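Asker: There's a structure below that I have some questions on.
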Protein chains: 2
Amino acid sequence: MKKDISTEEKILEAARQVFYRKGMDGARMQEIADEAGINKALLHYYFRSKEKLFEAVFQEVIKGFFRSIEKALYAELPLTEKAEYVVDRYITMIESNPFVPQFIISEINRNPQMLRNVMMSEKFTPQSLVDVFGNPDVENHLFKFDPRQMVISLLGMVIFPYAARNLIQMIYFDGDEAEYSKFLSERKEFVKTMIIKMLTA
Amino acid sequence: MKKDISTEEKILEAARQVFYRKGMDGARMQEIADEAGINKALLHYYFRSKEKLFEAVFQEVIKGFFRSIEKALYAELPLTEKAEYVVDRYITMIESNPFVPQFIISEINRNPQMLRNVMMSEKFTPQSLVDVFGNPDVENHLFKFDPRQMVISLLGMVIFPYAARNLIQMIYFDGDEAEYSKFLSERKEFVKTMIIKMLTA
DNA sequence: GTCTATATGGCGATAGAC
DNA sequence: GTCTATCGCCATATAGAC
């Protein structure tokens, strides 16, 4: 049934856009319907309720987010190169979904149980990112720190500029969108350089 | 009029708590009234509308956030020590308001204009944090990078663990709150060390 | 200033025709 | 599967007594 899939996809795509902008509580079913070019009642036909629709979108986003960097984590590379590779993949991925970080951070608190469910349903192995920095087969000076400190730092450096985009853009770039985009495009190189510095004596 | 101030303060405090947990759209005036131990109608007596009440809370939070680190920025210290001092102050401040980062990130998108207004009404000089790293009177190897790259990195490393607390806690700490708190308490030292590494050859 | 009671509008959800 | 019409509730906001 081509028609079915097409409509369901249209709804999910529209819902994603609206939920990105407004969040679960701020979003309106009418707005999603308009965005999808269909009637409001159809949303309830495909997904029973707003809550269910949101869960479907949230699951989809979370899954995509984690899967997209999994490959980089298992690459057979020495520590520093692997770290560079991870940063590269991560930023590239966010660049193509720039609203995801803020969306996730905003919605996490609303229903932590939902996040747990998504994590369970898929077999996420986030430990592997820790392994990248916890691997002791390379000379480095991080032993006195929990390797997760490095992981969180990497994630913070990569994600924060997107999660807090509007704030940063206004404060440090006078609201100039183009200038901030340029800044972000130069950031990949900077973060790579800094991660390597952090990993070496 | 002691009574007036007391009630208004009670409302603001209650509103802050509820808005932290639920956000602007998720919050209910009834819940704020209950939290403040007063009647719902009183909220409208003191603040005309939910929107106005939220703006008052948001302004207050933003102002407090920026002011609290301003002192550290003007300290007369050499680059590395100043950077350490800033990190220290920042984390200490967030530790006493751990829900603020996520709150700000979540609400920024809703109404960027409001943020602009707050920035205008106060005379924020965020440039000073850039000056910390842009100061060329110290030997360092950052010249080929925009000093704002350092600023955003520092902020990301400091803020991200709080903004994405629930997510990180679940993924990397198996949901163990105590363990994550311990992790955070060790983080101040880690970030300081890393910032210094990033600033030196 | 603070309360109770009520108006008003909007939103999620459903009924039912096609 | 898709639409129009409508229900029923709930949240913001106001009226008005005290």
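In the structure tokens, the first chain shown is A, the next is B, and so on; residue numbers restart at 1 for each chain, and ligands run from 1 in the order shown.
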Using only C-alpha atoms and a cut-off of 8 Å, which residues of chain B sit close to chain A? Please list them as an MDAnalysis selection string.

Answerer: chainID B and resid 21:22 25:26 102:103 105:106 108:110 112 115:116 126:127 145 148:149 152:161 163:164 166:167 170:172 187 190 194 197:198

Asker: Show me, as JSON, numbers by chain, every residue of chain C with an atom at most 10 Å from chain B, counting only C-alpha atoms (C1' of nucleotides).

Answerer: {"C": [1, 2, 3, 4]}

Asker: Using the selection just defined, write its residues with N, CA, C and O atoms (P, O5', C5', C4', C3', O3' and C1' of nucleotides) as a short mmCIF file (atom, residue, chain, number, x, y, z; two decimals), in the first residue's frame.

Answerer:
```cif
data_model
loop_
_atom_site.label_atom_id
_atom_site.label_comp_id
_atom_site.auth_asym_id
_atom_site.auth_seq_id
_atom_site.Cartn_x
_atom_site.Cartn_y
_atom_site.Cartn_z
P DG C 1 -0.58 45.59 47.45
"O5'" DG C 1 -1.30 44.46 48.21
"C5'" DG C 1 -2.74 44.27 48.23
"C4'" DG C 1 -3.03 43.10 49.13
"C3'" DG C 1 -2.75 41.74 48.49
"O3'" DG C 1 -2.64 40.79 49.55
"C1'" DG C 1 -5.07 42.05 48.60
P DT C 2 -2.07 39.30 49.23
"O5'" DT C 2 -3.39 38.42 49.11
"C5'" DT C 2 -4.12 38.09 50.28
"C4'" DT C 2 -5.46 37.49 49.93
"C3'" DT C 2 -5.40 36.30 48.97
"O3'" DT C 2 -5.71 35.10 49.67
"C1'" DT C 2 -7.25 37.74 48.52
P DC C 3 -5.78 33.70 48.86
"O5'" DC C 3 -7.34 33.53 48.54
"C5'" DC C 3 -8.22 33.20 49.60
"C4'" DC C 3 -9.66 33.46 49.18
"C3'" DC C 3 -10.19 32.51 48.12
"O3'" DC C 3 -10.82 31.39 48.74
"C1'" DC C 3 -10.84 34.79 47.67
P DT C 4 -11.32 30.19 47.79
"O5'" DT C 4 -12.69 30.75 47.17
"C5'" DT C 4 -13.78 31.12 48.02
"C4'" DT C 4 -15.03 31.33 47.19
"C3'" DT C 4 -15.42 30.15 46.30
"O3'" DT C 4 -16.84 30.03 46.25
"C1'" DT C 4 -14.99 32.03 44.95
#
```

Asker: Mind listing as a VMD selection string which residues of chain D are within 9 Å of chain B, counting only C-alpha atoms (C1' of nucleotides)?

Answerer: chain D and resid 11 to 14

Asker: Could you tell me how far atom CA of A:Ile11 lies from atom CA of A:Ala33, in Å and to one decimal?

Answerer: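 That distance, rounded to one decimal, is 7.4 Å.
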
Asker: Please give the complete set of residues from stretch 32-183 of chain B that DSSP, run on the backbone, assigns to alpha helix (DSSP H), formatted as a ChimeraX atom specification.

Answerer: /B:32-36,40-46,50-73,79-96,100-108,112-121,127-134,147-163,165-173,177-183

Asker: Need the shell around C:DC18: protein/DNA/RNA residues with any atom at most 12 Å away, counting only C-alpha atoms (C1' of nucleotides). Skip same-chain ones fewer than 6 positions apart. Format as a compact mmCIF listing (two decimals) with all heavy atoms, in the first residue's frame?

Answerer:
```txt
# COMPACT_ATOMS: atom_id res chain seq x y z
P DG D 1 -4.72 2.09 5.19
OP1 DG D 1 -4.22 2.55 6.48
OP2 DG D 1 -5.83 1.15 5.19
O5' DG D 1 -5.18 3.31 4.34
C5' DG D 1 -6.58 3.71 4.22
C4' DG D 1 -6.65 4.95 3.38
O4' DG D 1 -8.02 5.31 3.13
C3' DG D 1 -6.09 6.21 4.07
O3' DG D 1 -5.84 7.16 3.04
C2' DG D 1 -7.26 6.64 4.95
C1' DG D 1 -8.43 6.33 4.03
N9 DG D 1 -9.65 5.85 4.72
C8 DG D 1 -9.73 4.92 5.72
N7 DG D 1 -10.97 4.70 6.11
C5 DG D 1 -11.73 5.55 5.30
C6 DG D 1 -13.13 5.76 5.26
O6 DG D 1 -14.01 5.21 5.94
N1 DG D 1 -13.48 6.71 4.30
C2 DG D 1 -12.58 7.36 3.48
N2 DG D 1 -13.08 8.24 2.61
N3 DG D 1 -11.26 7.16 3.51
C4 DG D 1 -10.92 6.26 4.44
P DT D 2 -5.08 8.53 3.35
OP1 DT D 2 -4.29 8.89 2.15
OP2 DT D 2 -4.41 8.35 4.64
O5' DT D 2 -6.24 9.60 3.49
C5' DT D 2 -6.95 10.02 2.34
C4' DT D 2 -8.16 10.85 2.74
O4' DT D 2 -9.13 10.02 3.43
C3' DT D 2 -7.87 12.01 3.70
O3' DT D 2 -8.00 13.23 3.00
C2' DT D 2 -8.92 11.86 4.81
C1' DT D 2 -9.92 10.88 4.21
N1 DT D 2 -10.66 10.05 5.21
C2 DT D 2 -12.02 10.14 5.26
O2 DT D 2 -12.68 10.84 4.52
N3 DT D 2 -12.62 9.34 6.21
C4 DT D 2 -11.98 8.50 7.10
O4 DT D 2 -12.62 7.84 7.91
C5 DT D 2 -10.55 8.47 6.99
C7 DT D 2 -9.75 7.59 7.92
C6 DT D 2 -9.96 9.23 6.06
P DC D 3 -7.81 14.63 3.79
OP1 DC D 3 -7.26 15.61 2.83
OP2 DC D 3 -7.09 14.36 5.04
O5' DC D 3 -9.32 15.05 4.14
C5' DC D 3 -10.19 15.49 3.11
C4' DC D 3 -11.63 15.48 3.59
O4' DC D 3 -11.90 14.21 4.22
C3' DC D 3 -11.95 16.53 4.65
O3' DC D 3 -12.41 17.73 4.03
C2' DC D 3 -13.05 15.87 5.47
C1' DC D 3 -12.96 14.39 5.15
N1 DC D 3 -12.66 13.56 6.35
C2 DC D 3 -13.72 13.00 7.06
O2 DC D 3 -14.88 13.22 6.68
N3 DC D 3 -13.47 12.24 8.16
C4 DC D 3 -12.19 12.02 8.53
N4 DC D 3 -11.99 11.25 9.60
C5 DC D 3 -11.10 12.59 7.81
C6 DC D 3 -11.37 13.35 6.74
P DT D 4 -12.68 18.99 4.96
OP1 DT D 4 -12.76 20.15 4.05
OP2 DT D 4 -11.67 18.97 6.04
O5' DT D 4 -14.10 18.70 5.62
C5' DT D 4 -15.25 18.44 4.83
C4' DT D 4 -16.50 18.46 5.70
O4' DT D 4 -16.46 17.32 6.60
C3' DT D 4 -16.66 19.68 6.59
O3' DT D 4 -18.05 20.02 6.68
C2' DT D 4 -16.10 19.24 7.93
C1' DT D 4 -16.49 17.76 7.95
N1 DT D 4 -15.56 16.89 8.72
C2 DT D 4 -16.07 16.00 9.64
O2 DT D 4 -17.25 15.90 9.88
N3 DT D 4 -15.12 15.23 10.28
C4 DT D 4 -13.75 15.26 10.09
O4 DT D 4 -13.02 14.51 10.71
C5 DT D 4 -13.30 16.21 9.11
C7 DT D 4 -11.84 16.32 8.82
C6 DT D 4 -14.20 16.98 8.47
```

Asker: Can you give me the C-alpha RMSD, to one decimal in Å, for chain B fitted onto chain A with all Cα atoms paired in order?

Answerer: 0.1 Å

Asker: Find the residues near D:DC7: any atom within 12 Å, counting only C-alpha atoms (C1' of nucleotides), skip ones fewer than 3 places away on the same chain, and give them as a PyMOL selection string.

Answerer: chain C and resi 11-15

Asker: Within 9 Å of B:Ala15, counting only C-alpha atoms (C1' of nucleotides), which residues qualify if same-chain residues fewer than 2 places away don't, as a PyMOL selection string?

Answerer: chain B and resi 10-13+17-20+27+29+31-33+35-36+53-54+57

Asker: Excluding same-chain residues fewer than 2 positions from A:Ile91, what lies within 10 Å of it counting only C-alpha atoms (C1' of nucleotides), as an MDAnalysis selection string?

Answerer: chainID A and resid 69 86:89 93:98 155 158:159 162 184:185 187:188 191

Asker: For the selection you just gave me, I'd like the residues written to a file as a PDB file, in the first residue's frame, keeping N, CA and C atoms.

Answerer:
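After the write, again.pdb holds the following:
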```pdb
ATOM      1  N   ILE A  69      26.508   7.482  14.752  1.00  0.00           N
ATOM      2  CA  ILE A  69      27.922   7.579  15.129  1.00  0.00           C
ATOM      3  C   ILE A  69      28.504   6.240  15.531  1.00  0.00           C
ATOM      4  N   VAL A  86      35.771  10.335  15.239  1.00  0.00           N
ATOM      5  CA  VAL A  86      34.504  10.444  15.965  1.00  0.00           C
ATOM      6  C   VAL A  86      33.986  11.884  15.933  1.00  0.00           C
ATOM      7  N   VAL A  87      34.863  12.822  16.201  1.00  0.00           N
ATOM      8  CA  VAL A  87      34.468  14.239  16.172  1.00  0.00           C
ATOM      9  C   VAL A  87      33.931  14.610  14.795  1.00  0.00           C
ATOM     10  N   ASP A  88      34.648  14.164  13.793  1.00  0.00           N
ATOM     11  CA  ASP A  88      34.258  14.468  12.421  1.00  0.00           C
ATOM     12  C   ASP A  88      32.872  13.932  12.100  1.00  0.00           C
ATOM     13  N   ARG A  89      32.667  12.671  12.398  1.00  0.00           N
ATOM     14  CA  ARG A  89      31.373  12.035  12.137  1.00  0.00           C
ATOM     15  C   ARG A  89      30.253  12.740  12.903  1.00  0.00           C
ATOM     16  N   MET A  93      27.122  14.728  11.301  1.00  0.00           N
ATOM     17  CA  MET A  93      25.769  14.252  11.568  1.00  0.00           C
ATOM     18  C   MET A  93      24.883  15.369  12.107  1.00  0.00           C
ATOM     19  N   ILE A  94      25.391  16.121  13.042  1.00  0.00           N
ATOM     20  CA  ILE A  94      24.600  17.216  13.615  1.00  0.00           C
ATOM     21  C   ILE A  94      24.328  18.299  12.575  1.00  0.00           C
ATOM     22  N   GLU A  95      25.324  18.538  11.714  1.00  0.00           N
ATOM     23  CA  GLU A  95      25.141  19.545  10.672  1.00  0.00           C
ATOM     24  C   GLU A  95      23.921  19.250   9.802  1.00  0.00           C
ATOM     25  N   SER A  96      23.640  17.958   9.620  1.00  0.00           N
ATOM     26  CA  SER A  96      22.481  17.619   8.789  1.00  0.00           C
ATOM     27  C   SER A  96      21.200  17.503   9.617  1.00  0.00           C
ATOM     28  N   ASN A  97      21.306  17.585  10.927  1.00  0.00           N
ATOM     29  CA  ASN A  97      20.130  17.636  11.797  1.00  0.00           C
ATOM     30  C   ASN A  97      20.364  18.629  12.934  1.00  0.00           C
ATOM     31  N   PRO A  98      20.524  19.881  12.592  1.00  0.00           N
ATOM     32  CA  PRO A  98      20.995  20.858  13.587  1.00  0.00           C
ATOM     33  C   PRO A  98      20.025  21.128  14.736  1.00  0.00           C
ATOM     34  N   LEU A 155      31.543  15.549  23.804  1.00  0.00           N
ATOM     35  CA  LEU A 155      30.137  15.779  23.461  1.00  0.00           C
ATOM     36  C   LEU A 155      29.740  17.230  23.719  1.00  0.00           C
ATOM     37  N   VAL A 158      31.103  19.515  21.087  1.00  0.00           N
ATOM     38  CA  VAL A 158      30.472  19.305  19.785  1.00  0.00           C
ATOM     39  C   VAL A 158      29.011  19.757  19.783  1.00  0.00           C
ATOM     40  N   ILE A 159      28.292  19.375  20.819  1.00  0.00           N
ATOM     41  CA  ILE A 159      26.842  19.580  20.829  1.00  0.00           C
ATOM     42  C   ILE A 159      26.432  20.983  21.269  1.00  0.00           C
ATOM     43  N   TYR A 162      25.394  23.895  19.011  1.00  0.00           N
ATOM     44  CA  TYR A 162      24.136  23.726  18.294  1.00  0.00           C
ATOM     45  C   TYR A 162      22.948  23.810  19.252  1.00  0.00           C
ATOM     46  N   LEU A 184      30.905  27.948  12.893  1.00  0.00           N
ATOM     47  CA  LEU A 184      30.654  26.515  13.074  1.00  0.00           C
ATOM     48  C   LEU A 184      31.437  25.675  12.067  1.00  0.00           C
ATOM     49  N   SER A 185      31.558  26.217  10.857  1.00  0.00           N
ATOM     50  CA  SER A 185      32.274  25.452   9.837  1.00  0.00           C
ATOM     51  C   SER A 185      33.765  25.349  10.170  1.00  0.00           C
ATOM     52  N   ARG A 187      34.756  25.069  13.218  1.00  0.00           N
ATOM     53  CA  ARG A 187      34.844  24.456  14.538  1.00  0.00           C
ATOM     54  C   ARG A 187      35.359  23.020  14.503  1.00  0.00           C
ATOM     55  N   LYS A 188      35.026  22.307  13.457  1.00  0.00           N
ATOM     56  CA  LYS A 188      35.442  20.906  13.380  1.00  0.00           C
ATOM     57  C   LYS A 188      36.948  20.782  13.571  1.00  0.00           C
ATOM     58  N   VAL A 191      38.021  21.639  17.254  1.00  0.00           N
ATOM     59  CA  VAL A 191      37.735  20.599  18.251  1.00  0.00           C
ATOM     60  C   VAL A 191      38.700  19.427  18.099  1.00  0.00           C
TER      61      VAL A 191
END
```

Asker: May I ask for the distance between atom CA of A:Val132 and atom CA of A:Glu70, given in Å to one decimal place?

Answerer: 11.9 Å
